[in-house]
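S.K.: Pasting a structure below so you can have a look.
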Amino acid sequence: MIVVIKIGGALIAKNFNNVIKDVANIVSNYRDKYTLVIVHGGGPQINETLKEMNKEPKYFTTPSGFTTRYTDQEAIEAAIMVLGGKNNKRLVEALQKLSVNAFGFTGIDGSILEAIRKEKILVMINGKKIMKRGEFSGKIDKVNTPIIEFLLQNNYLPVIGSLAKSKDGDIVNIDGDRAASNIAAALNADILISLTDVEGIYKDFNDKSSIIKSINSHELEEFLDELEGGMKKKAHAALEALKIGVQKVVICSGLTETPILDALKNNRGTVIH
Ligand SMILES: Nc1ncnc2c1ncn2[C@@H]1O[C@H](COP(=O)(O)OP(=O)(O)OP(=O)(O)O)[C@@H](O)[C@H]1O
Ligand SMILES: [Mg+2]
């Protein structure tokens, strides 16, 4: 079965070695059962790169309550360095060291991910709706699968950084979770595993015993407004994945020793079906 794994930037910083070892173990011992594709982000590393450039990362809240990065010219430069460079190549390097034939690229390469650029975004500033221009982010529109399929058929492990190509051919930043959802759907994946830095979705974020073990998309849709921050976006992306054909989405912690194998074997975290 095809398994798409989304690795967040925070996780790359926190539990890199275990995640890599887990992937390598699955590739060498469960090759007949699972075919893996990795999609990664790089939020914290983009912020670090911006700071090295003496720039401040900028975030806004949209009128519907999503927190979103303002990807101006400087931020897209940093995103290219991280998603097409350091994060992607360090993942490939670490996997290659464990004899996994990882192949890293972003959505601009071979025009694999096409997006509609959001040239302007409506954001809330001091309670007022303001239009911001010069934005280099996009909403994924099309996944061109032949190259990914070629790689899978030839036992390469695709490692995909979340950048895409706009209609005008510009590189745009795309949300990692939504990239993973769209790639999973385009590949008819059986499961999308979103590895993050919490156990899953909590009913009440302040009560760690309120973890939701299983939820269907209707229930999650009702619950969406209660969620905040990255989890709101992630839940939204999970619903999108299910809507466009992925069988099952698991949101779980990537901070354990074998996070992916655990998610595949024991239905850990929050299972959305
Ligand atoms: N009800 C909730 N349950 C779980 N997490 C929540 C909830 N509400 C808000 N969160 C926040 O959502 C975060 C996870 O989303 P976040 O976007 O930070 O991680 P990621 O997607 O794994 O990484 P990245 O965005 O860097 O790729 C958690 O660390 C937590 O702080
Ligand atoms: Mg996120």
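So you can find residues: chains in the structure tokens are A, B, ... in the order shown, residues in each start at 1, and ligands are numbered from 1 in order.
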Using only C-alpha atoms and all ligand atoms, find each protein or nucleic acid residue lying at most 10 Å from ligand 1; present the set as a VMD selection string.

M.R.: chain A and resid 6 to 13 39 to 46 67 162 175 to 177 194 to 208 210 to 212 223 to 224 226 to 235 251 to 254 270

S.K.: Near Asp190 of chain A, counting only C-alpha atoms, which residues have an atom at most 10 Å away, once you skip same-chain residues fewer than 4 positions from it, shown as a PDB file with N, CA, C and O atoms, in the first residue's frame?

M.R.:
ATOM      1  N   MET A   1       0.825  -1.189   0.000  1.00  0.00           N
ATOM      2  CA  MET A   1       0.000   0.000   0.000  1.00  0.00           C
ATOM      3  C   MET A   1       0.870   1.255   0.000  1.00  0.00           C
ATOM      4  O   MET A   1       1.994   1.237   0.473  1.00  0.00           O
ATOM      5  N   ILE A   2       0.293   2.321  -0.579  1.00  0.00           N
ATOM      6  CA  ILE A   2       1.059   3.570  -0.654  1.00  0.00           C
ATOM      7  C   ILE A   2       0.809   4.406   0.601  1.00  0.00           C
ATOM      8  O   ILE A   2      -0.333   4.646   0.990  1.00  0.00           O
ATOM      9  N   VAL A   3       1.902   4.802   1.216  1.00  0.00           N
ATOM     10  CA  VAL A   3       1.837   5.567   2.464  1.00  0.00           C
ATOM     11  C   VAL A   3       2.539   6.897   2.260  1.00  0.00           C
ATOM     12  O   VAL A   3       3.726   6.935   1.944  1.00  0.00           O
ATOM     13  N   VAL A   4       1.797   7.997   2.370  1.00  0.00           N
ATOM     14  CA  VAL A   4       2.413   9.315   2.282  1.00  0.00           C
ATOM     15  C   VAL A   4       2.641   9.818   3.705  1.00  0.00           C
ATOM     16  O   VAL A   4       1.734   9.773   4.546  1.00  0.00           O
ATOM     17  N   TYR A  34       4.616  -1.875   2.273  1.00  0.00           N
ATOM     18  CA  TYR A  34       4.450  -0.418   2.260  1.00  0.00           C
ATOM     19  C   TYR A  34       5.377   0.264   1.258  1.00  0.00           C
ATOM     20  O   TYR A  34       6.566  -0.026   1.212  1.00  0.00           O
ATOM     21  N   ALA A 184      -1.008  12.665  -1.837  1.00  0.00           N
ATOM     22  CA  ALA A 184      -1.595  11.375  -1.427  1.00  0.00           C
ATOM     23  C   ALA A 184      -2.797  11.030  -2.302  1.00  0.00           C
ATOM     24  O   ALA A 184      -2.934   9.901  -2.776  1.00  0.00           O
ATOM     25  N   ALA A 185      -3.648  12.007  -2.544  1.00  0.00           N
ATOM     26  CA  ALA A 185      -4.840  11.746  -3.361  1.00  0.00           C
ATOM     27  C   ALA A 185      -4.447  11.398  -4.791  1.00  0.00           C
ATOM     28  O   ALA A 185      -4.969  10.454  -5.378  1.00  0.00           O
ATOM     29  N   GLY A 245     -10.071  11.553  -1.996  1.00  0.00           N
ATOM     30  CA  GLY A 245      -9.830  10.141  -2.296  1.00  0.00           C
ATOM     31  C   GLY A 245      -8.867   9.361  -1.435  1.00  0.00           C
ATOM     32  O   GLY A 245      -8.681   8.169  -1.657  1.00  0.00           O
ATOM     33  N   VAL A 246      -8.218  10.004  -0.439  1.00  0.00           N
ATOM     34  CA  VAL A 246      -7.348   9.227   0.450  1.00  0.00           C
ATOM     35  C   VAL A 246      -8.235   8.443   1.416  1.00  0.00           C
ATOM     36  O   VAL A 246      -9.258   8.956   1.887  1.00  0.00           O
ATOM     37  N   GLN A 247      -7.872   7.189   1.696  1.00  0.00           N
ATOM     38  CA  GLN A 247      -8.723   6.318   2.511  1.00  0.00           C
ATOM     39  C   GLN A 247      -8.723   6.705   3.988  1.00  0.00           C
ATOM     40  O   GLN A 247      -9.745   6.661   4.648  1.00  0.00           O
ATOM     41  N   LYS A 248      -7.557   7.067   4.472  1.00  0.00           N
ATOM     42  CA  LYS A 248      -7.435   7.260   5.912  1.00  0.00           C
ATOM     43  C   LYS A 248      -6.317   8.256   6.210  1.00  0.00           C
ATOM     44  O   LYS A 248      -5.283   8.243   5.534  1.00  0.00           O
ATOM     45  N   VAL A 249      -6.536   9.118   7.190  1.00  0.00           N
ATOM     46  CA  VAL A 249      -5.488  10.061   7.607  1.00  0.00           C
ATOM     47  C   VAL A 249      -5.209   9.837   9.092  1.00  0.00           C
ATOM     48  O   VAL A 249      -6.141   9.704   9.885  1.00  0.00           O
TER      49      VAL A 249
END

S.K.: Mind the document's chain letters and residue numbers, and return as a PyMOL selection string the residues of segment 45-242 of chain A that DSSP labels alpha helix (DSSP H).

M.R.: chain A and resi 45-52+73-81+87-97+146-153+176-186+217-223+229-242

S.K.: Output C-alpha atoms for every residue in the selection just made, as a PDB file, in the first residue's frame.

M.R.:
ATOM      1  CA  GLN A  45      14.160  26.564   9.499  1.00  0.00           C
ATOM      2  CA  ILE A  46      12.701  29.233   7.184  1.00  0.00           C
ATOM      3  CA  ASN A  47      12.407  31.505  10.217  1.00  0.00           C
ATOM      4  CA  GLU A  48      16.018  30.788  11.238  1.00  0.00           C
ATOM      5  CA  THR A  49      17.205  31.549   7.718  1.00  0.00           C
ATOM      6  CA  LEU A  50      15.262  34.821   7.679  1.00  0.00           C
ATOM      7  CA  LYS A  51      16.875  35.792  10.986  1.00  0.00           C
ATOM      8  CA  GLU A  52      20.322  35.031   9.533  1.00  0.00           C
ATOM      9  CA  GLN A  73      10.232  38.223  -1.590  1.00  0.00           C
ATOM     10  CA  GLU A  74      12.649  37.590   1.293  1.00  0.00           C
ATOM     11  CA  ALA A  75      10.570  34.797   2.756  1.00  0.00           C
ATOM     12  CA  ILE A  76      10.355  32.958  -0.564  1.00  0.00           C
ATOM     13  CA  GLU A  77      14.152  33.224  -0.920  1.00  0.00           C
ATOM     14  CA  ALA A  78      14.510  31.627   2.513  1.00  0.00           C
ATOM     15  CA  ALA A  79      11.885  28.992   1.647  1.00  0.00           C
ATOM     16  CA  ILE A  80      13.804  28.017  -1.489  1.00  0.00           C
ATOM     17  CA  MET A  81      17.019  27.681   0.536  1.00  0.00           C
ATOM     18  CA  ASN A  87      15.960  20.327   4.810  1.00  0.00           C
ATOM     19  CA  ASN A  88      15.470  18.346   1.615  1.00  0.00           C
ATOM     20  CA  LYS A  89      19.114  17.433   1.121  1.00  0.00           C
ATOM     21  CA  ARG A  90      19.744  16.610   4.791  1.00  0.00           C
ATOM     22  CA  LEU A  91      16.790  14.188   4.692  1.00  0.00           C
ATOM     23  CA  VAL A  92      18.128  12.608   1.498  1.00  0.00           C
ATOM     24  CA  GLU A  93      21.644  12.428   2.938  1.00  0.00           C
ATOM     25  CA  ALA A  94      20.515  10.757   6.162  1.00  0.00           C
ATOM     26  CA  LEU A  95      18.391   8.216   4.258  1.00  0.00           C
ATOM     27  CA  GLN A  96      21.197   7.478   1.801  1.00  0.00           C
ATOM     28  CA  LYS A  97      23.503   6.786   4.770  1.00  0.00           C
ATOM     29  CA  PRO A 146       4.425  10.305 -13.709  1.00  0.00           C
ATOM     30  CA  ILE A 147       7.839  11.165 -12.274  1.00  0.00           C
ATOM     31  CA  ILE A 148       6.778  10.174  -8.756  1.00  0.00           C
ATOM     32  CA  GLU A 149       5.374   6.910 -10.098  1.00  0.00           C
ATOM     33  CA  PHE A 150       8.555   6.252 -12.053  1.00  0.00           C
ATOM     34  CA  LEU A 151      10.591   6.749  -8.886  1.00  0.00           C
ATOM     35  CA  LEU A 152       8.367   4.398  -6.876  1.00  0.00           C
ATOM     36  CA  GLN A 153       8.437   1.711  -9.556  1.00  0.00           C
ATOM     37  CA  GLY A 176       3.042  21.274   3.649  1.00  0.00           C
ATOM     38  CA  ASP A 177      -0.063  19.552   4.966  1.00  0.00           C
ATOM     39  CA  ARG A 178      -2.114  20.432   1.915  1.00  0.00           C
ATOM     40  CA  ALA A 179       0.729  19.418  -0.381  1.00  0.00           C
ATOM     41  CA  ALA A 180       0.796  16.034   1.353  1.00  0.00           C
ATOM     42  CA  SER A 181      -3.000  15.683   1.028  1.00  0.00           C
ATOM     43  CA  ASN A 182      -2.948  16.444  -2.678  1.00  0.00           C
ATOM     44  CA  ILE A 183       0.033  14.206  -3.398  1.00  0.00           C
ATOM     45  CA  ALA A 184      -1.595  11.375  -1.427  1.00  0.00           C
ATOM     46  CA  ALA A 185      -4.840  11.746  -3.361  1.00  0.00           C
ATOM     47  CA  ALA A 186      -3.089  11.917  -6.737  1.00  0.00           C
ATOM     48  CA  SER A 217     -14.861  13.683   8.556  1.00  0.00           C
ATOM     49  CA  HIS A 218     -18.351  14.985   9.398  1.00  0.00           C
ATOM     50  CA  GLU A 219     -17.527  15.124  13.090  1.00  0.00           C
ATOM     51  CA  LEU A 220     -14.179  16.781  12.405  1.00  0.00           C
ATOM     52  CA  GLU A 221     -15.805  19.369  10.165  1.00  0.00           C
ATOM     53  CA  GLU A 222     -18.108  20.338  13.043  1.00  0.00           C
ATOM     54  CA  PHE A 223     -15.113  20.561  15.349  1.00  0.00           C
ATOM     55  CA  GLY A 229      -2.869  27.272  15.062  1.00  0.00           C
ATOM     56  CA  GLY A 230      -1.165  24.578  13.046  1.00  0.00           C
ATOM     57  CA  MET A 231      -3.691  21.933  14.020  1.00  0.00           C
ATOM     58  CA  LYS A 232      -6.550  23.858  12.456  1.00  0.00           C
ATOM     59  CA  LYS A 233      -4.705  23.881   9.138  1.00  0.00           C
ATOM     60  CA  LYS A 234      -3.713  20.253   9.518  1.00  0.00           C
ATOM     61  CA  ALA A 235      -7.285  19.137  10.243  1.00  0.00           C
ATOM     62  CA  HIS A 236      -8.483  21.135   7.263  1.00  0.00           C
ATOM     63  CA  ALA A 237      -5.860  19.449   5.063  1.00  0.00           C
ATOM     64  CA  ALA A 238      -6.882  16.037   6.423  1.00  0.00           C
ATOM     65  CA  LEU A 239     -10.496  16.676   5.437  1.00  0.00           C
ATOM     66  CA  GLU A 240      -9.352  17.746   1.986  1.00  0.00           C
ATOM     67  CA  ALA A 241      -7.368  14.509   1.607  1.00  0.00           C
ATOM     68  CA  LEU A 242     -10.377  12.364   2.514  1.00  0.00           C
TER      69      LEU A 242
END

S.K.: Interatomic distance between atom CA of Lys86 of chain A and atom CA of Ile20 of chain A?

M.R.: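 Distance reported for this atom pair: 15.5 Å.
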
S.K.: Hey, can you check how far atom CA of Val37 of chain A sits from atom CA of Lys14 of chain A?

M.R.: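 A separation of 20.5 Å between them.
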
S.K.: Among segment 23-188 of chain A, which residues carry a DSSP assignment of strand (DSSP E or B), reported as JSON, numbers by chain?

M.R.: {"A": [35, 36, 37, 38, 39, 40, 59, 60, 61, 67, 68, 69, 102, 103, 104, 105, 106, 113, 114, 115, 116, 117, 118, 121, 122, 123, 124, 125, 128, 129, 130, 131, 132, 137, 138, 139, 140, 141, 142, 143, 157, 158, 159, 160, 161, 163, 164, 165, 166, 171, 172, 173]}

S.K.: I need the residue nearest Lys167 of chain A from this list: A:Ser99, A:Ser111, A:Thr68, A:Asn25. Use only C-alpha atoms for the distance.

M.R.: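 Under the stated criterion, the closest residue is A:Ser111.
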
S.K.: In Å, with one decimal, what is the gap from atom CA of Thr106 of chain A to atom CA of Asp141 of chain A?

M.R.: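 Computing it gives 15.0 Å between the two atoms.
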
S.K.: Kindly indicate which residue among A:Leu187, A:Val123, A:Leu83, A:Ile130 lies nearest to Ala164 of chain A, using only C-alpha atoms for the distances.

M.R.: A:Leu83
